[in-house]
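Data from data_31.cif: mmCIF, C-alpha atoms
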data_entry
loop_
_atom_site.label_atom_id
_atom_site.label_comp_id
_atom_site.auth_asym_id
_atom_site.auth_seq_id
_atom_site.Cartn_x
_atom_site.Cartn_y
_atom_site.Cartn_z
CA MET U 29 101.60 86.10 103.26
CA ILE U 30 99.93 84.60 106.34
CA LYS U 31 96.25 85.50 106.62
CA HIS U 32 95.68 88.05 109.40
CA TYR U 33 91.97 88.80 108.93
CA LYS U 34 88.84 86.96 110.10
CA GLU U 35 86.55 84.90 107.90
CA ALA U 36 83.93 87.67 108.03
CA PHE U 37 86.24 89.93 106.03
CA GLU U 38 86.38 87.40 103.20
CA LYS U 39 82.60 87.50 102.80
CA ILE U 40 82.10 91.24 102.35
CA PRO U 41 81.85 92.83 98.87
CA GLU U 42 85.15 93.47 97.14
CA GLU U 43 84.43 97.19 96.93
CA ARG U 44 84.18 97.43 100.74
CA LYS U 45 87.37 95.41 101.17
CA GLU U 46 89.20 97.78 98.85
CA ARG U 47 87.88 100.83 100.71
CA ILE U 48 88.94 99.53 104.13
CA LEU U 49 92.41 98.56 102.95
CA GLU U 50 92.94 101.77 100.96
CA VAL U 51 92.06 103.86 104.01
CA GLY U 52 94.19 101.63 106.24
CA ILE U 53 97.19 101.91 103.94
CA GLU U 54 96.85 105.70 103.86
CA GLU U 55 96.67 105.91 107.66
CA PHE U 56 99.59 103.55 108.31
CA SER U 57 101.77 105.05 105.59
CA SER U 58 101.26 108.63 106.76
CA LYS U 59 101.41 108.09 110.54
CA GLY U 60 103.34 104.86 111.08
CA TYR U 61 102.10 101.82 112.95
CA GLU U 62 102.24 103.23 116.47
CA ASN U 63 100.42 106.49 115.68
CA ALA U 64 97.87 105.05 113.29
CA ASN U 65 94.38 104.95 114.81
CA ILE U 66 92.04 102.09 114.02
CA ASN U 67 89.05 104.24 115.02
CA VAL U 68 90.03 106.81 112.40
CA ILE U 69 90.43 104.07 109.80
CA ALA U 70 86.96 102.70 110.58
CA ARG U 71 85.37 106.15 110.43
CA ASN U 72 87.08 107.09 107.15
CA ALA U 73 86.13 103.72 105.66
CA GLY U 74 82.49 104.33 106.60
CA ILE U 75 82.08 101.44 109.05
CA SER U 76 81.68 101.14 112.83
CA ILE U 77 84.60 100.25 115.06
CA GLY U 78 82.62 97.18 116.15
CA LEU U 79 82.42 95.99 112.57
CA MET U 80 86.13 96.69 112.11
CA TYR U 81 86.93 94.34 114.99
CA LYS U 82 84.60 91.79 113.45
CA TYR U 83 86.96 91.78 110.47
CA PHE U 84 90.28 92.10 112.32
CA SER U 85 91.14 90.96 115.84
CA THR U 86 93.77 93.67 116.38
CA LYS U 87 95.27 96.76 114.78
CA GLU U 88 98.30 94.60 113.96
CA ASP U 89 96.10 92.21 111.97
CA LEU U 90 94.74 95.11 109.95
CA PHE U 91 98.29 96.42 109.49
CA PHE U 92 99.56 93.11 108.11
CA THR U 93 96.54 92.77 105.82
CA CYS U 94 97.16 96.25 104.41
CA ILE U 95 100.78 95.34 103.77
CA SER U 96 99.75 92.10 102.08
CA ARG U 97 97.32 93.96 99.82
CA GLY U 98 99.88 96.54 98.79
CA MET U 99 102.70 94.11 98.18
CA SER U 100 100.53 91.67 96.21
CA ILE U 101 100.03 94.31 93.51
CA LEU U 102 103.76 94.72 93.03
CA GLU U 103 104.48 91.02 93.42
CA ASP U 104 101.96 90.04 90.75
CA ALA U 105 103.79 92.24 88.25
CA LEU U 106 107.13 90.81 89.35
CA LYS U 107 106.00 87.20 88.95
CA GLU U 108 104.62 87.80 85.47
CA ILE U 109 107.86 89.38 84.27
CA MET U 110 110.25 86.94 85.91
CA ALA U 111 108.28 83.86 84.79
CA SER U 112 108.73 84.75 81.12
CA ARG U 113 111.36 83.13 78.89
CA ASP U 114 113.01 86.47 78.14
CA LYS U 115 116.72 86.98 78.66
CA LEU U 116 117.55 88.35 82.09
CA LEU U 117 118.40 91.82 80.77
CA ILE U 118 115.05 92.01 78.99
CA LYS U 119 113.39 91.08 82.27
CA ALA U 120 115.41 93.78 84.01
CA GLU U 121 114.21 96.38 81.52
CA LYS U 122 110.60 95.35 82.07
CA LEU U 123 111.10 95.41 85.84
CA ILE U 124 112.46 98.95 85.77
CA ARG U 125 109.62 100.17 83.57
CA ALA U 126 107.00 98.43 85.72
CA THR U 127 108.58 99.94 88.84
CA CYS U 128 108.20 103.44 87.37
CA VAL U 129 104.56 102.89 86.41
CA LEU U 130 103.43 101.08 89.57
CA SER U 131 105.26 103.42 91.94
CA ARG U 132 103.46 106.44 90.49
CA LYS U 133 100.12 104.63 90.51
CA ASN U 134 100.40 103.17 94.02
CA MET U 135 102.19 105.85 96.03
CA ASN U 136 100.54 105.00 99.35
CA TYR U 137 101.63 101.37 99.05
CA ILE U 138 105.21 102.44 98.45
CA ARG U 139 105.10 104.92 101.34
CA LEU U 140 103.83 102.13 103.57
CA TYR U 141 106.68 99.88 102.47
CA ASN U 142 109.13 102.69 103.21
CA GLU U 143 107.54 103.19 106.61
CA ILE U 144 107.90 99.57 107.64
CA THR U 145 111.58 99.45 106.65
CA SER U 146 112.18 101.70 109.68
CA GLU U 147 110.06 99.52 111.98
CA LYS U 148 111.36 99.92 115.55
CA ASP U 149 109.77 96.82 117.07
CA GLY U 150 112.47 94.17 116.55
CA ALA U 151 110.18 91.15 116.59
CA ARG U 152 107.66 92.73 114.24
CA ALA U 153 110.45 93.93 111.94
CA VAL U 154 111.75 90.36 111.59
CA MET U 155 108.25 89.06 110.89
CA LEU U 156 107.67 91.77 108.30
CA ALA U 157 110.95 91.06 106.54
CA LYS U 158 110.22 87.34 106.38
CA GLU U 159 106.67 87.77 105.09
CA ILE U 160 107.41 90.50 102.56
CA GLU U 161 110.87 89.65 101.27
CA SER U 162 111.07 85.85 101.33
CA HIS U 163 108.92 85.13 98.30
CA THR U 164 110.28 88.04 96.28
CA SER U 165 113.85 86.99 96.96
CA ARG U 166 113.14 83.45 95.73
CA ILE U 167 111.74 84.78 92.46
CA TYR U 168 114.84 86.88 91.83
CA ILE U 169 117.34 84.23 92.90
CA THR U 170 115.70 81.54 90.78
CA SER U 171 115.63 83.72 87.68
CA ILE U 172 119.25 84.83 88.06
CA ALA U 173 120.40 81.26 88.74
CA GLN U 174 118.64 80.11 85.56
CA ALA U 175 120.34 82.84 83.56
CA LEU U 176 123.67 81.80 85.05
CA ALA U 177 123.10 78.16 84.12
CA GLY U 178 122.12 79.20 80.60
CA GLY U 179 125.25 81.30 80.13
CA ASP U 180 123.28 84.54 79.76
CA VAL U 181 125.22 86.40 82.47
CA ARG U 182 128.76 86.56 83.77
CA GLN U 183 129.81 83.27 85.34
CA ASP U 184 131.46 84.64 88.47
CA LEU U 185 128.32 86.15 90.03
CA ASP U 186 126.52 84.92 93.15
CA PRO U 187 122.77 84.73 92.37
CA ARG U 188 121.79 85.49 95.97
CA LEU U 189 123.93 88.59 96.32
CA PHE U 190 123.04 89.84 92.85
CA ALA U 191 119.35 89.35 93.64
CA PHE U 192 119.84 91.39 96.81
CA PHE U 193 121.64 94.20 94.99
CA LEU U 194 119.11 94.28 92.14
CA ASP U 195 116.19 94.46 94.54
CA ASN U 196 117.91 97.28 96.45
CA LEU U 197 118.19 99.31 93.24
CA LEU U 198 114.51 98.82 92.40
CA THR U 199 113.41 99.52 95.97
CA THR U 200 115.28 102.82 95.99
CA LEU U 201 113.72 103.66 92.64
CA GLN U 202 110.26 102.95 94.08
CA PHE U 203 110.87 105.30 96.99
CA SER U 204 112.12 108.01 94.61
CA PHE U 205 108.63 108.31 93.12
CA SER U 206 106.68 108.55 96.37
CA CYS U 207 108.75 109.37 99.47
CA GLU U 208 109.77 113.00 100.00
CA TYR U 209 113.31 112.27 101.21
CA TYR U 210 114.07 110.03 98.24
CA LYS U 211 112.37 112.38 95.79
CA GLU U 212 114.57 115.22 97.00
CA ARG U 213 117.59 112.94 96.93
CA LEU U 214 116.97 112.17 93.26
CA LYS U 215 116.58 115.88 92.52
CA ILE U 216 119.89 116.65 94.25
CA TYR U 217 121.71 114.07 92.13
CA THR U 218 119.99 114.77 88.80
CA GLY U 219 118.67 118.31 89.09
CA VAL U 220 115.25 117.07 87.94
CA ASP U 221 112.03 116.43 89.85
CA THR U 222 110.80 112.87 89.72
CA ASP U 223 107.49 114.03 88.23
CA ALA U 224 109.33 115.76 85.39
CA MET U 225 111.75 112.94 84.67
CA ASN U 226 111.14 110.83 81.59
CA ASP U 227 110.64 107.13 82.33
CA ASP U 228 112.60 106.14 79.23
CA GLU U 229 115.63 108.00 80.52
CA ILE U 230 115.41 106.25 83.89
CA VAL U 231 115.00 102.86 82.21
CA ASN U 232 117.90 103.38 79.80
CA GLN U 233 120.37 104.67 82.38
CA LEU U 234 119.57 102.11 85.07
CA LEU U 235 119.60 99.30 82.51
CA LYS U 236 123.09 100.31 81.43
CA PHE U 237 124.21 100.09 85.04
CA ILE U 238 122.61 96.68 85.54
CA GLU U 239 123.88 95.39 82.20
CA SER U 240 127.48 96.20 83.10
CA ALA U 241 127.06 94.36 86.40
CA PHE U 242 125.54 91.26 84.79
CA THR U 243 127.79 90.99 81.76
CA PHE U 244 131.17 92.58 82.39
CA GLU U 245 133.50 89.97 83.80
CA LYS U 246 136.96 91.17 84.72
CA ARG U 247 139.70 88.61 85.22
CA THR U 248 141.27 88.28 88.65
CA SER U 249 144.73 88.71 87.07
CA ASP U 250 143.66 92.12 85.71
CA LEU U 251 142.56 93.25 89.14
CA THR U 252 145.83 92.06 90.65
CA GLU U 253 147.88 93.96 88.08
CA GLU U 254 145.98 97.17 88.86
CA LYS U 255 146.86 96.93 92.54
CA ILE U 256 150.60 96.54 91.86
#
The structure given in the file should be rewritten as structure tokens.
Amino acid sequence: MIKHYKEAFEKIPEERKERILEVGIEEFSSKGYENANINVIARNAGISIGLMYKYFSTKEDLFFTCISRGMSILEDALKEIMASRDKLLIKAEKLIRATCVLSRKNMNYIRLYNEITSEKDGARAVMLAKEIESHTSRIYITSIAQALAGGDVRQDLDPRLFAFFLDNLLTTLQFSFSCEYYKERLKIYTGVDTDAMNDDEIVNQLLKFIESAFTFEKRTSDLTEEKI
């Protein structure tokens, strides 16, 4: 992502950086961008507001830096999995399992991501989408295209659309571990709280769904006959 902080922020100890960004992520994820207060963030991080503005020119700069910090954790895991030489379905299994683990461990990051998906400022929403989604989408598209070229998946799929659908599934799964609406939604469908659900069951069931999408290729003639 584009750097939104000042050079002074790069020079401070890593522990202080982590504290500022953790507090910022909590404030933005719980209150949204408009209602988040940079004075509150500075106070809770244990620094003066003057020092905060020495690190970030605006609240928006701090907001984007918090987003970058949160997304980098998830993206690092994604890159490691997708860069492997595993078959695509093996990668999918690892992605699902990593999503379960990281979503529980980094709930505030996921809540922040959920918050920005409802961003009301059109220009900022476009900027956020480009900065957050562009690199991730390339990783998925490249990996699916390679699997297609290697004959590992059905030959009638569109790598771009499949990447979009796969990411949507994993994004919803992320929200189901940390966002109250999605947690309740999962409970309504399954009758089980997210906290009580076994990760292996989630992995196995979602992998079956993804596997059928990647491997089951129905002939056009079959579909035509069904409509008659």
Leaving out range 114-119 of chain U and any residue of its chain fewer than 2 positions from it, which residues lie within 12 Å of it when counting only C-alpha atoms, given as a PDB file with C-alpha atoms, in the frame of the given file?
ATOM      1  CA  ALA U 105     103.790  92.240  88.250  1.00  0.00           C
ATOM      2  CA  LEU U 106     107.130  90.810  89.350  1.00  0.00           C
ATOM      3  CA  LYS U 107     106.000  87.200  88.950  1.00  0.00           C
ATOM      4  CA  GLU U 108     104.620  87.800  85.470  1.00  0.00           C
ATOM      5  CA  ILE U 109     107.860  89.380  84.270  1.00  0.00           C
ATOM      6  CA  MET U 110     110.250  86.940  85.910  1.00  0.00           C
ATOM      7  CA  ALA U 111     108.280  83.860  84.790  1.00  0.00           C
ATOM      8  CA  SER U 112     108.730  84.750  81.120  1.00  0.00           C
ATOM      9  CA  GLU U 121     114.210  96.380  81.520  1.00  0.00           C
ATOM     10  CA  LYS U 122     110.600  95.350  82.070  1.00  0.00           C
ATOM     11  CA  LEU U 123     111.100  95.410  85.840  1.00  0.00           C
ATOM     12  CA  ILE U 124     112.460  98.950  85.770  1.00  0.00           C
ATOM     13  CA  ARG U 125     109.620 100.170  83.570  1.00  0.00           C
ATOM     14  CA  ALA U 126     107.000  98.430  85.720  1.00  0.00           C
ATOM     15  CA  TYR U 168     114.840  86.880  91.830  1.00  0.00           C
ATOM     16  CA  ILE U 169     117.340  84.230  92.900  1.00  0.00           C
ATOM     17  CA  THR U 170     115.700  81.540  90.780  1.00  0.00           C
ATOM     18  CA  SER U 171     115.630  83.720  87.680  1.00  0.00           C
ATOM     19  CA  ILE U 172     119.250  84.830  88.060  1.00  0.00           C
ATOM     20  CA  ALA U 173     120.400  81.260  88.740  1.00  0.00           C
ATOM     21  CA  GLN U 174     118.640  80.110  85.560  1.00  0.00           C
ATOM     22  CA  ALA U 175     120.340  82.840  83.560  1.00  0.00           C
ATOM     23  CA  LEU U 176     123.670  81.800  85.050  1.00  0.00           C
ATOM     24  CA  ALA U 177     123.100  78.160  84.120  1.00  0.00           C
ATOM     25  CA  GLY U 178     122.120  79.200  80.600  1.00  0.00           C
ATOM     26  CA  GLY U 179     125.250  81.300  80.130  1.00  0.00           C
ATOM     27  CA  ASP U 180     123.280  84.540  79.760  1.00  0.00           C
ATOM     28  CA  VAL U 181     125.220  86.400  82.470  1.00  0.00           C
ATOM     29  CA  ARG U 182     128.760  86.560  83.770  1.00  0.00           C
ATOM     30  CA  ALA U 191     119.350  89.350  93.640  1.00  0.00           C
ATOM     31  CA  LEU U 194     119.110  94.280  92.140  1.00  0.00           C
ATOM     32  CA  VAL U 231     115.000 102.860  82.210  1.00  0.00           C
ATOM     33  CA  ASN U 232     117.900 103.380  79.800  1.00  0.00           C
ATOM     34  CA  LEU U 234     119.570 102.110  85.070  1.00  0.00           C
ATOM     35  CA  LEU U 235     119.600  99.300  82.510  1.00  0.00           C
ATOM     36  CA  LYS U 236     123.090 100.310  81.430  1.00  0.00           C
ATOM     37  CA  PHE U 237     124.210 100.090  85.040  1.00  0.00           C
ATOM     38  CA  ILE U 238     122.610  96.680  85.540  1.00  0.00           C
ATOM     39  CA  GLU U 239     123.880  95.390  82.200  1.00  0.00           C
ATOM     40  CA  SER U 240     127.480  96.200  83.100  1.00  0.00           C
ATOM     41  CA  ALA U 241     127.060  94.360  86.400  1.00  0.00           C
ATOM     42  CA  PHE U 242     125.540  91.260  84.790  1.00  0.00           C
ATOM     43  CA  THR U 243     127.790  90.990  81.760  1.00  0.00           C
TER      44      THR U 243
END
- Query: Skipping near chain neighbours, those fewer than 5 positions away, what residues fall within 12 Å of Thr93 in chain U using only C-alpha atoms, listed as a PyMOL selection string?
  - Reply: chain U and resi 29-34+37-38+45-46+48-50+52-53+56+83-88+98-100+156+159-160
So which residues get picked by the PyMOL selection byres ((chain U and resi 128) around 10) here, written as an mmCIF file with C-alpha atoms, keeping the file's coordinate frame?
data_model
loop_
_atom_site.group_PDB
_atom_site.id
_atom_site.type_symbol
_atom_site.label_atom_id
_atom_site.label_comp_id
_atom_site.auth_asym_id
_atom_site.auth_seq_id
_atom_site.Cartn_x
_atom_site.Cartn_y
_atom_site.Cartn_z
ATOM 1 C CA LYS U 122 110.600 95.350 82.070
ATOM 2 C CA LEU U 123 111.100 95.410 85.840
ATOM 3 C CA ILE U 124 112.460 98.950 85.770
ATOM 4 C CA ARG U 125 109.620 100.170 83.570
ATOM 5 C CA ALA U 126 107.000 98.430 85.720
ATOM 6 C CA THR U 127 108.580 99.940 88.840
ATOM 7 C CA VAL U 129 104.560 102.890 86.410
ATOM 8 C CA LEU U 130 103.430 101.080 89.570
ATOM 9 C CA SER U 131 105.260 103.420 91.940
ATOM 10 C CA ARG U 132 103.460 106.440 90.490
ATOM 11 C CA LYS U 133 100.120 104.630 90.510
ATOM 12 C CA LEU U 198 114.510 98.820 92.400
ATOM 13 C CA LEU U 201 113.720 103.660 92.640
ATOM 14 C CA GLN U 202 110.260 102.950 94.080
ATOM 15 C CA SER U 204 112.120 108.010 94.610
ATOM 16 C CA PHE U 205 108.630 108.310 93.120
ATOM 17 C CA ASN U 226 111.140 110.830 81.590
ATOM 18 C CA ASP U 227 110.640 107.130 82.330
ATOM 19 C CA ASP U 228 112.600 106.140 79.230
ATOM 20 C CA ILE U 230 115.410 106.250 83.890
ATOM 21 C CA VAL U 231 115.000 102.860 82.210
#
- Item | For Phe244 in chain U, the nearest of the candidates U:Asp221, U:Asp184, U:Asp149, U:Glu208, counting only C-alpha atoms |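 Counting only C-alpha atoms, the residue closest to Phe244 in chain U is U:Asp184.
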- Query: Written as a ChimeraX atom specification, what is the full residue list that the PyMOL selection byres ((chain U and resi 70) around 12) yields on the file shown?
  - Reply: /U:44-45,47-52,55,64-69,71-84,87,90
- Message: Taking 5 positions as the minimum chain separation for residues in the same chain, which residues sit within 10 Å of Asp195 in chain U when counting all atoms listed in the file? Answer as a list in words.
- Response: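 Skipping anything fewer than 5 positions along the chain leaves Glu161, Thr164, Ser165, Tyr168, Leu189, Phe190, Thr200 and Leu201 of chain U.
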- Just give me the gap between CA of Lys215 in chain U and CA of Thr199 in chain U in Å, one decimal is fine.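 CA of Lys215 in chain U sits 17.0 Å away from CA of Thr199 in chain U.
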Taking N, CA, C and O atoms as the atom set, what does range 49-68 of chain U look like once completed, written as an mmCIF file, keeping the file's coordinate frame?
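Result file is rebuild_29.cif:
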data_model
loop_
_atom_site.group_PDB
_atom_site.id
_atom_site.type_symbol
_atom_site.label_atom_id
_atom_site.label_comp_id
_atom_site.auth_asym_id
_atom_site.auth_seq_id
_atom_site.Cartn_x
_atom_site.Cartn_y
_atom_site.Cartn_z
ATOM 1 N N LEU U 49 90.961 98.722 103.078
ATOM 2 C CA LEU U 49 92.410 98.560 102.950
ATOM 3 C C LEU U 49 93.068 99.831 102.401
ATOM 4 O O LEU U 49 94.171 100.193 102.829
ATOM 5 N N GLU U 50 92.392 100.508 101.483
ATOM 6 C CA GLU U 50 92.940 101.770 100.960
ATOM 7 C C GLU U 50 93.068 102.793 102.078
ATOM 8 O O GLU U 50 94.092 103.476 102.207
ATOM 9 N N VAL U 51 92.036 102.915 102.883
ATOM 10 C CA VAL U 51 92.060 103.860 104.010
ATOM 11 C C VAL U 51 93.110 103.437 105.023
ATOM 12 O O VAL U 51 93.845 104.272 105.569
ATOM 13 N N GLY U 52 93.194 102.137 105.299
ATOM 14 C CA GLY U 52 94.190 101.630 106.240
ATOM 15 C C GLY U 52 95.605 101.906 105.772
ATOM 16 O O GLY U 52 96.461 102.347 106.544
ATOM 17 N N ILE U 53 95.858 101.669 104.503
ATOM 18 C CA ILE U 53 97.190 101.910 103.940
ATOM 19 C C ILE U 53 97.556 103.386 104.046
ATOM 20 O O ILE U 53 98.688 103.734 104.401
ATOM 21 N N GLU U 54 96.587 104.256 103.764
ATOM 22 C CA GLU U 54 96.850 105.700 103.860
ATOM 23 C C GLU U 54 97.178 106.103 105.294
ATOM 24 O O GLU U 54 98.105 106.882 105.534
ATOM 25 N N GLU U 55 96.433 105.579 106.252
ATOM 26 C CA GLU U 55 96.670 105.910 107.660
ATOM 27 C C GLU U 55 98.015 105.391 108.147
ATOM 28 O O GLU U 55 98.795 106.123 108.758
ATOM 29 N N PHE U 56 98.326 104.144 107.860
ATOM 30 C CA PHE U 56 99.590 103.550 108.310
ATOM 31 C C PHE U 56 100.791 104.179 107.617
ATOM 32 O O PHE U 56 101.839 104.384 108.226
ATOM 33 N N SER U 57 100.641 104.497 106.329
ATOM 34 C CA SER U 57 101.770 105.050 105.590
ATOM 35 C C SER U 57 102.073 106.487 106.003
ATOM 36 O O SER U 57 103.229 106.921 105.956
ATOM 37 N N SER U 58 101.066 107.227 106.402
ATOM 38 C CA SER U 58 101.260 108.630 106.760
ATOM 39 C C SER U 58 101.639 108.822 108.235
ATOM 40 O O SER U 58 102.351 109.779 108.573
ATOM 41 N N LYS U 59 101.194 107.899 109.100
ATOM 42 C CA LYS U 59 101.410 108.090 110.540
ATOM 43 C C LYS U 59 102.307 107.037 111.183
ATOM 44 O O LYS U 59 102.738 107.206 112.331
ATOM 45 N N GLY U 60 102.579 105.951 110.478
ATOM 46 C CA GLY U 60 103.340 104.860 111.080
ATOM 47 C C GLY U 60 102.441 103.962 111.897
ATOM 48 O O GLY U 60 101.304 104.337 112.233
ATOM 49 N N TYR U 61 102.940 102.791 112.242
ATOM 50 C CA TYR U 61 102.100 101.820 112.950
ATOM 51 C C TYR U 61 101.650 102.327 114.308
ATOM 52 O O TYR U 61 100.466 102.257 114.655
ATOM 53 N N GLU U 62 102.560 102.842 115.098
ATOM 54 C CA GLU U 62 102.240 103.230 116.470
ATOM 55 C C GLU U 62 101.212 104.352 116.526
ATOM 56 O O GLU U 62 100.328 104.354 117.389
ATOM 57 N N ASN U 63 101.308 105.328 115.636
ATOM 58 C CA ASN U 63 100.420 106.490 115.680
ATOM 59 C C ASN U 63 99.140 106.322 114.871
ATOM 60 O O ASN U 63 98.230 107.146 114.985
ATOM 61 N N ALA U 64 99.085 105.297 114.052
ATOM 62 C CA ALA U 64 97.870 105.050 113.290
ATOM 63 C C ALA U 64 96.730 104.683 114.244
ATOM 64 O O ALA U 64 96.931 104.000 115.247
ATOM 65 N N ASN U 65 95.530 105.139 113.933
ATOM 66 C CA ASN U 65 94.380 104.950 114.810
ATOM 67 C C ASN U 65 93.312 104.132 114.098
ATOM 68 O O ASN U 65 92.787 104.548 113.055
ATOM 69 N N ILE U 66 92.995 102.977 114.664
ATOM 70 C CA ILE U 66 92.040 102.090 114.020
ATOM 71 C C ILE U 66 90.633 102.682 114.018
ATOM 72 O O ILE U 66 89.825 102.419 113.124
ATOM 73 N N ASN U 67 90.341 103.557 114.996
ATOM 74 C CA ASN U 67 89.050 104.240 115.020
ATOM 75 C C ASN U 67 88.927 105.205 113.837
ATOM 76 O O ASN U 67 87.863 105.312 113.218
ATOM 77 N N VAL U 68 90.016 105.893 113.542
ATOM 78 C CA VAL U 68 90.030 106.810 112.400
ATOM 79 C C VAL U 68 89.869 106.033 111.095
ATOM 80 O O VAL U 68 89.133 106.451 110.189
#
